[in-house]
Amino acid sequence: MLNPVMLRITLRATLGRKRALVFLLVPLVLLLITVTLKLVAVSPVWPAEFLGAFGFSVVLPLTALIIGTSVLGAEIDDGSIVHLLATPVSRTAVVLSKFAAAVALTIMFGALPEFVAAGIARGFGGKLALGLLAGALVASVAYNALFVMLSVLTTRAIAAGLLYLLVWEGLLGNLVGGVRVLSIGQYSVSVANAIAKASALNAHLTLTTAIGMGLVVTVATLAVAARRLAAFSVKGEAV
Amino acid sequence: MNGGCLIELRGVSRWYGNVVAVNDITMTIGPGITGLLGPNGAGKTTLLNLMAGFLAPSRGELTVAGEPSWRNPRSFTVLGLVPERDSVYAFLTGADFVASTARLHRLPDPGAAAQRAIEIVDMAAAQDRRIATYSKGMRQRIKVAAALVHDPRVLLLDEPFNGMDPRQRLEMMDLLERMAGQGRTILFSSHILEEVERMSGTIQVIVGGRLAASGDFRAIRRLMTSRPHVFLVRTSADRALGAALIGRPAVTGVELTQRGLSVRTCDFGAFSRELAALCRDGGIRLHEVLPSDESLESVFSYLVTT
């Protein structure tokens with residue numbers, strides 16, 4: 001179902017520009033703070049606290065937001081998507097290829113830095129590093145499925161994504177327990193916690209719920225995206 | 001080819017909210033070259049997007065090679081589309097862009113197909129440069145190459161002559177004529193009648209979302225040259241020239257105005273030759289000749305009412 005040509009063009013479009021340097025900025029900050037904390041921190045649980053809070057609530061969702069909304073959204077905005085769609089490639093393949101590119105990029109700029117930071121803090125073979133890597137992979141997959149869908153549904157995908165992150169996950173997720181079952185952030189920290197066993201990660205779901213719901217959300221959002229792209233309409237000459 | 005490359009519309013309408021962009025159009029477009037003409041905002045792009053499957057008809061039936069194109073990406077095995085917008089993957093080279101398109105079509109030998117398409121549009125010399133460095137005309141041609149790479153039986157082009165200089169325009173027309181000669185269905189849109197004056201084939205005129213006229217290029221061209229033209233002429237001796245002009249069969253009216261002579265003619269070609277001759281013979285200095293009713297709307301509305 002993946003289309004290698006589309007995958008390659010998308011990776012080139014993202015990595016071949018100066019913008020790629022911006023993606024490096026956030027992981028760099030993450031690593032710098034980690035190194036600094038390792039030197040000065042007094043709390044014994046700082047790695048889980050910091051990498052859980054900053055890594056899973058800021059670095060991963062924002063990296064996925066920027067990448068996930070642009071892999072397909074940028075082309076829809078400037079109209080170049082027509083060149084991809086004026087071919088017999090199935091719209092499902094278009095969505096899956098774009099999604100795969102976004103996941104790969106998010107792993108590169110979000111999940112791997114998180115793993116490296118945990119490795120610096122507690123050693124690369126440790127449970128924390130492996131747990132955070134697993135959780136970060138879940139985040140890379142599920143967030144991008146959601147954000148790719150948003151970019152097909154609306155031209156204001158970044159705003160919609162921010163609303164979801166800040167209001168749904170950030171605010172309601174802390175106030176209303178039930179919201180956590182529908183929170184990608186919770187899926188990822190819960191998977192991380194299942195391996196790392198660190199209460200500072202603030203995880204609230206069982207491993208089964210986290211993986212099951214993560215899968216459901218990923219498949220459902222990608223299915224919606226493919227359906228909507230199949231009905232892709234060029235904006236008419238606005239009269 | 002028997003129907004394998006027909007575009008058929010039966011009562012097709014498309015509206016956006018309360019605005020009707022395409023209004024109850026029925027037509028069949030077959031092999032050869034067809035121009036889709038009309039002023040800006042007439043619904044040409046909407047119509048092409050409907051044909052390419054990038055818009056759903058609000059009402060009516062539309063098929064390309066016998067199959068509806070809406071929600072049917074497979075129609076692009078038969079169909080090629082050159083969109084109007086210039087957004088291509090500017091970071092790719094021309095050769096990469098066309099070869100990638102060939103791979104998206106899953107052609108057996110994408111490299112060879114790309115080379116063939118690039119040679120057809122005469123872009124071999126620039127194919128290894130990034131598209132970002134291309135001129136408007138080159139971008140247009142590389143877009144045509146990408147649309148041609150799978151050897152489509154039906155090719156749709158939205159304003160292909162936009163931004164081209166006269167030489168590029170001629171070359172593009174030759175290219176379209178050649179492809180039409182191979183039995184393909186070529187449909188292009190244009191809002192400039194003069195652009196298509198040299199073409200042979202049929203035209204469909206769209207005004208205000210409706211099919212206003214259709215027919216042979218030559219008939220339309222005759223209408224265009226014999227339609228009344230009004231010129232504003234300023235000379236060193238308006239009155240003398242006016243007197244001479246009114247004696248000519250090509251001239252149907254002369255009026256002396258503050259700004260110069262307002263001359264009405266029914267034969268543009270004869271008028272322009274005779275005006276020059278009269279001035280030369282009478283020793284009259286010609287300061288300015290301005291067409292005064294050349295707006296597209298007036299041209300099209302003239303075509304529509306005749």
# chains A, B, ... in the order shown; residues from 1 in each chain; ligands from 1

call {"tool": "residues_around", "arguments": {"residues": "Leu50 in chain B", "least_positions_apart": "3", "cutoff": "9 Å", "atoms": "only C-alpha atoms", "output": "list of chain:residue names"}}
result
B:Arg14, B:Thr45, B:Thr46, B:Leu47, B:Gly53, B:Phe54, B:Leu55, B:Ala56, B:Pro57, B:Leu62, B:Ser69, B:Trp70

call {"tool": "interface_residues", "arguments": {"of": "chain B", "to": "chain A", "cutoff": "8 Å", "atoms": "only C-alpha atoms", "output": "MDAnalysis selection string"}}
result
chainID B and resid 19 21 41 43 45:46 49 52 54:56 70:71 73:77 80:81 83 85 87:89 91 100:101 103:105

call {"tool": "write_last_selection", "arguments": {"atoms": "N, CA and C atoms", "output": "PDB file, in the first residue's frame"}}
result
ATOM      1  N   VAL B  19     -23.974  30.051  -5.745  1.00  0.00           N
ATOM      2  CA  VAL B  19     -23.344  30.483  -6.983  1.00  0.00           C
ATOM      3  C   VAL B  19     -23.248  29.309  -7.954  1.00  0.00           C
ATOM      4  N   ALA B  21     -21.532  27.765 -10.975  1.00  0.00           N
ATOM      5  CA  ALA B  21     -20.297  27.940 -11.744  1.00  0.00           C
ATOM      6  C   ALA B  21     -20.429  27.310 -13.123  1.00  0.00           C
ATOM      7  N   GLY B  41     -13.549  33.615 -15.195  1.00  0.00           N
ATOM      8  CA  GLY B  41     -14.683  33.412 -14.299  1.00  0.00           C
ATOM      9  C   GLY B  41     -15.883  32.797 -14.989  1.00  0.00           C
ATOM     10  N   GLY B  43     -16.226  29.721 -15.870  1.00  0.00           N
ATOM     11  CA  GLY B  43     -16.467  28.343 -15.468  1.00  0.00           C
ATOM     12  C   GLY B  43     -15.587  27.334 -16.183  1.00  0.00           C
ATOM     13  N   THR B  45     -12.311  26.554 -15.694  1.00  0.00           N
ATOM     14  CA  THR B  45     -11.518  25.731 -14.782  1.00  0.00           C
ATOM     15  C   THR B  45     -12.403  24.747 -14.035  1.00  0.00           C
ATOM     16  N   THR B  46     -13.587  25.212 -13.627  1.00  0.00           N
ATOM     17  CA  THR B  46     -14.532  24.317 -12.959  1.00  0.00           C
ATOM     18  C   THR B  46     -14.861  23.138 -13.863  1.00  0.00           C
ATOM     19  N   ASN B  49     -11.926  20.771 -14.077  1.00  0.00           N
ATOM     20  CA  ASN B  49     -11.800  20.012 -12.833  1.00  0.00           C
ATOM     21  C   ASN B  49     -12.876  18.945 -12.709  1.00  0.00           C
ATOM     22  N   ALA B  52     -11.661  16.143 -14.868  1.00  0.00           N
ATOM     23  CA  ALA B  52     -10.501  15.434 -14.310  1.00  0.00           C
ATOM     24  C   ALA B  52     -10.856  14.695 -13.027  1.00  0.00           C
ATOM     25  N   PHE B  54     -11.724  16.147 -10.170  1.00  0.00           N
ATOM     26  CA  PHE B  54     -11.359  16.913  -8.985  1.00  0.00           C
ATOM     27  C   PHE B  54     -12.518  17.745  -8.463  1.00  0.00           C
ATOM     28  N   LEU B  55     -13.691  17.481  -8.971  1.00  0.00           N
ATOM     29  CA  LEU B  55     -14.923  18.106  -8.481  1.00  0.00           C
ATOM     30  C   LEU B  55     -16.052  17.138  -8.798  1.00  0.00           C
ATOM     31  N   ALA B  56     -17.021  17.083  -7.909  1.00  0.00           N
ATOM     32  CA  ALA B  56     -18.187  16.254  -8.187  1.00  0.00           C
ATOM     33  C   ALA B  56     -19.229  17.120  -8.867  1.00  0.00           C
ATOM     34  N   TRP B  70     -15.124  11.193 -11.310  1.00  0.00           N
ATOM     35  CA  TRP B  70     -15.193  11.532  -9.896  1.00  0.00           C
ATOM     36  C   TRP B  70     -14.968  10.287  -9.038  1.00  0.00           C
ATOM     37  N   ARG B  71     -14.094  10.409  -8.042  1.00  0.00           N
ATOM     38  CA  ARG B  71     -13.742   9.303  -7.144  1.00  0.00           C
ATOM     39  C   ARG B  71     -13.239   8.088  -7.911  1.00  0.00           C
ATOM     40  N   PRO B  73      -9.664   7.328  -9.451  1.00  0.00           N
ATOM     41  CA  PRO B  73      -8.282   7.631  -9.860  1.00  0.00           C
ATOM     42  C   PRO B  73      -7.841   6.826 -11.077  1.00  0.00           C
ATOM     43  N   ARG B  74      -8.498   5.664 -11.307  1.00  0.00           N
ATOM     44  CA  ARG B  74      -8.101   4.856 -12.451  1.00  0.00           C
ATOM     45  C   ARG B  74      -8.319   5.577 -13.765  1.00  0.00           C
ATOM     46  N   SER B  75      -9.187   6.612 -13.756  1.00  0.00           N
ATOM     47  CA  SER B  75      -9.414   7.336 -15.011  1.00  0.00           C
ATOM     48  C   SER B  75      -8.119   7.988 -15.502  1.00  0.00           C
ATOM     49  N   PHE B  76      -7.129   8.141 -14.604  1.00  0.00           N
ATOM     50  CA  PHE B  76      -5.883   8.762 -15.044  1.00  0.00           C
ATOM     51  C   PHE B  76      -4.988   7.815 -15.836  1.00  0.00           C
ATOM     52  N   THR B  77      -5.431   6.573 -16.049  1.00  0.00           N
ATOM     53  CA  THR B  77      -4.695   5.740 -16.994  1.00  0.00           C
ATOM     54  C   THR B  77      -4.999   6.197 -18.422  1.00  0.00           C
ATOM     55  N   GLY B  80      -4.772  12.668 -18.997  1.00  0.00           N
ATOM     56  CA  GLY B  80      -3.646  13.457 -18.498  1.00  0.00           C
ATOM     57  C   GLY B  80      -4.132  14.849 -18.206  1.00  0.00           C
ATOM     58  N   LEU B  81      -3.599  15.483 -17.162  1.00  0.00           N
ATOM     59  CA  LEU B  81      -4.068  16.813 -16.789  1.00  0.00           C
ATOM     60  C   LEU B  81      -2.891  17.755 -16.605  1.00  0.00           C
ATOM     61  N   PRO B  83      -2.553  21.172 -14.954  1.00  0.00           N
ATOM     62  CA  PRO B  83      -3.299  22.179 -14.197  1.00  0.00           C
ATOM     63  C   PRO B  83      -2.768  23.585 -14.468  1.00  0.00           C
ATOM     64  N   ARG B  85      -2.351  26.037 -12.200  1.00  0.00           N
ATOM     65  CA  ARG B  85      -1.444  26.548 -11.178  1.00  0.00           C
ATOM     66  C   ARG B  85      -0.037  26.027 -11.389  1.00  0.00           C
ATOM     67  N   SER B  87       2.258  25.406  -9.291  1.00  0.00           N
ATOM     68  CA  SER B  87       2.941  24.761  -8.185  1.00  0.00           C
ATOM     69  C   SER B  87       3.361  23.352  -8.566  1.00  0.00           C
ATOM     70  N   VAL B  88       4.633  23.178  -8.784  1.00  0.00           N
ATOM     71  CA  VAL B  88       5.200  21.867  -9.007  1.00  0.00           C
ATOM     72  C   VAL B  88       6.265  21.680  -7.934  1.00  0.00           C
ATOM     73  N   TYR B  89       6.840  20.500  -7.887  1.00  0.00           N
ATOM     74  CA  TYR B  89       7.875  20.262  -6.892  1.00  0.00           C
ATOM     75  C   TYR B  89       9.149  20.947  -7.350  1.00  0.00           C
ATOM     76  N   PHE B  91      11.823  21.710  -6.070  1.00  0.00           N
ATOM     77  CA  PHE B  91      13.140  21.235  -5.636  1.00  0.00           C
ATOM     78  C   PHE B  91      13.621  20.049  -6.468  1.00  0.00           C
ATOM     79  N   SER B 100       9.379  10.639 -11.844  1.00  0.00           N
ATOM     80  CA  SER B 100       8.570  10.278 -10.668  1.00  0.00           C
ATOM     81  C   SER B 100       7.118  10.066 -11.074  1.00  0.00           C
ATOM     82  N   THR B 101       6.627  10.976 -11.933  1.00  0.00           N
ATOM     83  CA  THR B 101       5.259  10.819 -12.399  1.00  0.00           C
ATOM     84  C   THR B 101       5.105   9.488 -13.145  1.00  0.00           C
ATOM     85  N   ARG B 103       6.748   6.805 -12.594  1.00  0.00           N
ATOM     86  CA  ARG B 103       6.716   5.714 -11.603  1.00  0.00           C
ATOM     87  C   ARG B 103       5.366   5.664 -10.898  1.00  0.00           C
ATOM     88  N   LEU B 104       4.774   6.835 -10.639  1.00  0.00           N
ATOM     89  CA  LEU B 104       3.451   6.834 -10.008  1.00  0.00           C
ATOM     90  C   LEU B 104       2.432   6.152 -10.918  1.00  0.00           C
ATOM     91  N   HIS B 105       2.658   6.239 -12.220  1.00  0.00           N
ATOM     92  CA  HIS B 105       1.771   5.551 -13.165  1.00  0.00           C
ATOM     93  C   HIS B 105       2.129   4.077 -13.302  1.00  0.00           C
TER      94      HIS B 105
END

call {"tool": "closest_residue", "arguments": {"among": "A:Gln186, A:Thr206, A:Ser43, A:Thr155", "to": "Asp77 in chain A", "atoms": "only C-alpha atoms"}}
result
A:Thr155

call {"tool": "residues_around", "arguments": {"residues": "Thr14 in chain A", "least_positions_apart": "6", "cutoff": "12 Å", "atoms": "only C-alpha atoms", "output": "list of chain:residue names"}}
result
A:Leu7, A:Arg8, A:Ala20, A:Leu21, A:Val22, A:Phe23, A:Ile66, A:Ile67, A:Gly68, A:Ser70, A:Val71, A:Leu72, A:Ala74, A:Glu75, A:Lys98, A:Ala101, A:Ala102, A:Ala104, A:Leu105, A:Thr106, A:Phe109, B:Tyr89, B:Phe91

call {"tool": "closest_residue", "arguments": {"among": "A:Ser183, A:Ser151, A:Ser190, A:Thr92", "to": "Leu165 in chain A", "atoms": "only C-alpha atoms"}}
result
A:Ser183

call {"tool": "closest_residue", "arguments": {"among": "B:Val263, B:Ala95, B:Ala219, B:Met138", "to": "Asp165 in chain B", "atoms": "only C-alpha atoms"}}
result
B:Met138

call {"tool": "closest_residue", "arguments": {"among": "A:Ala145, A:Val40, A:Leu166, A:Ala198", "to": "Gly214 in chain A", "atoms": "only C-alpha atoms"}}
result
A:Ala145

call {"tool": "atom_distance", "arguments": {"atom1": "CA of Asn23 in chain B", "atom2": "CA of Glu195 in chain B"}}
result
25.6 Å

call {"tool": "residues_around", "arguments": {"residues": "Ala48 in chain A", "least_positions_apart": "5", "cutoff": "9 Å", "atoms": "only C-alpha atoms", "output": "ChimeraX atom specification"}}
result
/A:53,118,128,132,196,198-201

call {"tool": "write_last_selection", "arguments": {"atoms": "N, CA, C and O atoms", "output": "PDB file, in the first residue's frame"}}
result
ATOM      1  N   ALA A  53       7.505  14.907  31.138  1.00  0.00           N
ATOM      2  CA  ALA A  53       6.745  16.147  30.966  1.00  0.00           C
ATOM      3  C   ALA A  53       7.151  16.876  29.687  1.00  0.00           C
ATOM      4  O   ALA A  53       6.327  17.085  28.787  1.00  0.00           O
ATOM      5  N   ALA A 118      17.254   9.904  27.353  1.00  0.00           N
ATOM      6  CA  ALA A 118      17.070   8.936  28.437  1.00  0.00           C
ATOM      7  C   ALA A 118      18.333   8.112  28.635  1.00  0.00           C
ATOM      8  O   ALA A 118      18.713   7.772  29.766  1.00  0.00           O
ATOM      9  N   LEU A 128      14.480   2.745  31.505  1.00  0.00           N
ATOM     10  CA  LEU A 128      13.917   4.061  31.203  1.00  0.00           C
ATOM     11  C   LEU A 128      14.084   4.385  29.711  1.00  0.00           C
ATOM     12  O   LEU A 128      13.135   4.783  29.034  1.00  0.00           O
ATOM     13  N   LEU A 132      10.956   4.793  27.274  1.00  0.00           N
ATOM     14  CA  LEU A 132      10.670   6.069  26.607  1.00  0.00           C
ATOM     15  C   LEU A 132      10.711   5.908  25.095  1.00  0.00           C
ATOM     16  O   LEU A 132       9.906   6.517  24.378  1.00  0.00           O
ATOM     17  N   ALA A 196       9.210   1.138  31.708  1.00  0.00           N
ATOM     18  CA  ALA A 196      10.113   1.894  32.593  1.00  0.00           C
ATOM     19  C   ALA A 196       9.691   1.821  34.054  1.00  0.00           C
ATOM     20  O   ALA A 196      10.509   1.979  34.951  1.00  0.00           O
ATOM     21  N   ALA A 198       7.953   3.950  35.989  1.00  0.00           N
ATOM     22  CA  ALA A 198       8.311   5.185  36.698  1.00  0.00           C
ATOM     23  C   ALA A 198       7.048   5.978  36.955  1.00  0.00           C
ATOM     24  O   ALA A 198       6.386   6.419  36.017  1.00  0.00           O
ATOM     25  N   SER A 199       6.700   6.140  38.234  1.00  0.00           N
ATOM     26  CA  SER A 199       5.445   6.831  38.547  1.00  0.00           C
ATOM     27  C   SER A 199       5.510   8.302  38.121  1.00  0.00           C
ATOM     28  O   SER A 199       4.478   8.926  37.864  1.00  0.00           O
ATOM     29  N   ALA A 200       6.716   8.849  37.993  1.00  0.00           N
ATOM     30  CA  ALA A 200       6.846  10.254  37.600  1.00  0.00           C
ATOM     31  C   ALA A 200       6.379  10.487  36.168  1.00  0.00           C
ATOM     32  O   ALA A 200       6.175  11.629  35.752  1.00  0.00           O
ATOM     33  N   LEU A 201       6.178   9.431  35.418  1.00  0.00           N
ATOM     34  CA  LEU A 201       5.701   9.589  34.045  1.00  0.00           C
ATOM     35  C   LEU A 201       4.229   9.991  34.003  1.00  0.00           C
ATOM     36  O   LEU A 201       3.717  10.427  32.970  1.00  0.00           O
TER      37      LEU A 201
END

call {"tool": "residues_around", "arguments": {"residues": "Leu24 in chain A", "least_positions_apart": "3", "cutoff": "12 Å", "atoms": "only C-alpha atoms", "output": "short mmCIF file (atom, residue, chain, number, x, y, z; two decimals) with N, CA and C atoms, in the first residue's frame"}}
result
data_model
loop_
_atom_site.label_atom_id
_atom_site.label_comp_id
_atom_site.auth_asym_id
_atom_site.auth_seq_id
_atom_site.Cartn_x
_atom_site.Cartn_y
_atom_site.Cartn_z
N LEU A 15 13.47 17.25 4.12
CA LEU A 15 14.87 17.30 4.56
C LEU A 15 15.73 18.17 3.67
N LYS A 18 15.95 24.30 4.26
CA LYS A 18 16.55 24.86 5.48
C LYS A 18 15.67 24.58 6.69
N ARG A 19 14.37 24.40 6.43
CA ARG A 19 13.44 24.16 7.52
C ARG A 19 13.86 22.96 8.36
N ALA A 20 14.55 22.01 7.72
CA ALA A 20 14.98 20.81 8.43
C ALA A 20 15.86 21.18 9.62
N LEU A 21 16.61 22.28 9.48
CA LEU A 21 17.47 22.72 10.59
C LEU A 21 16.64 23.10 11.80
N PRO A 27 15.17 19.00 19.45
CA PRO A 27 15.94 17.92 20.05
C PRO A 27 17.23 18.41 20.72
N LEU A 28 17.87 19.42 20.11
CA LEU A 28 19.09 19.96 20.71
C LEU A 28 18.82 20.53 22.09
N VAL A 29 17.72 21.29 22.20
CA VAL A 29 17.34 21.87 23.50
C VAL A 29 17.10 20.75 24.50
N LEU A 30 16.39 19.70 24.04
CA LEU A 30 16.09 18.57 24.91
C LEU A 30 17.39 17.95 25.44
N LEU A 31 18.35 17.74 24.56
CA LEU A 31 19.61 17.12 24.97
C LEU A 31 20.41 18.03 25.89
N VAL A 59 7.93 18.08 23.19
CA VAL A 59 8.78 17.74 22.03
C VAL A 59 8.05 16.85 21.03
N THR A 63 6.61 18.26 17.48
CA THR A 63 7.33 17.77 16.29
C THR A 63 6.34 17.07 15.35
N LEU A 105 10.02 10.80 9.92
CA LEU A 105 10.63 12.09 10.29
C LEU A 105 10.45 12.38 11.77
N THR A 106 9.28 12.04 12.32
CA THR A 106 9.04 12.30 13.74
C THR A 106 9.92 11.42 14.61
N MET A 108 12.85 10.43 13.73
CA MET A 108 14.18 11.01 13.60
C MET A 108 14.35 12.24 14.50
N PHE A 109 13.37 13.13 14.49
CA PHE A 109 13.52 14.41 15.19
C PHE A 109 12.88 14.44 16.57
N GLY A 110 12.11 13.40 16.93
CA GLY A 110 11.45 13.41 18.22
C GLY A 110 11.74 12.18 19.07
N LEU A 112 13.93 9.48 18.55
CA LEU A 112 15.33 9.12 18.80
C LEU A 112 16.00 10.07 19.78
N PRO A 113 15.80 11.40 19.67
CA PRO A 113 16.38 12.31 20.66
C PRO A 113 15.89 11.99 22.08
#

call {"tool": "select_by_dssp", "arguments": {"residues": "range 105-295 of chain B", "states": "strand (DSSP E)", "output": "PyMOL selection string"}}
result
chain B and resi 154-157+185-190+202-207+210-216+229-235+251-257+260-265+286-291
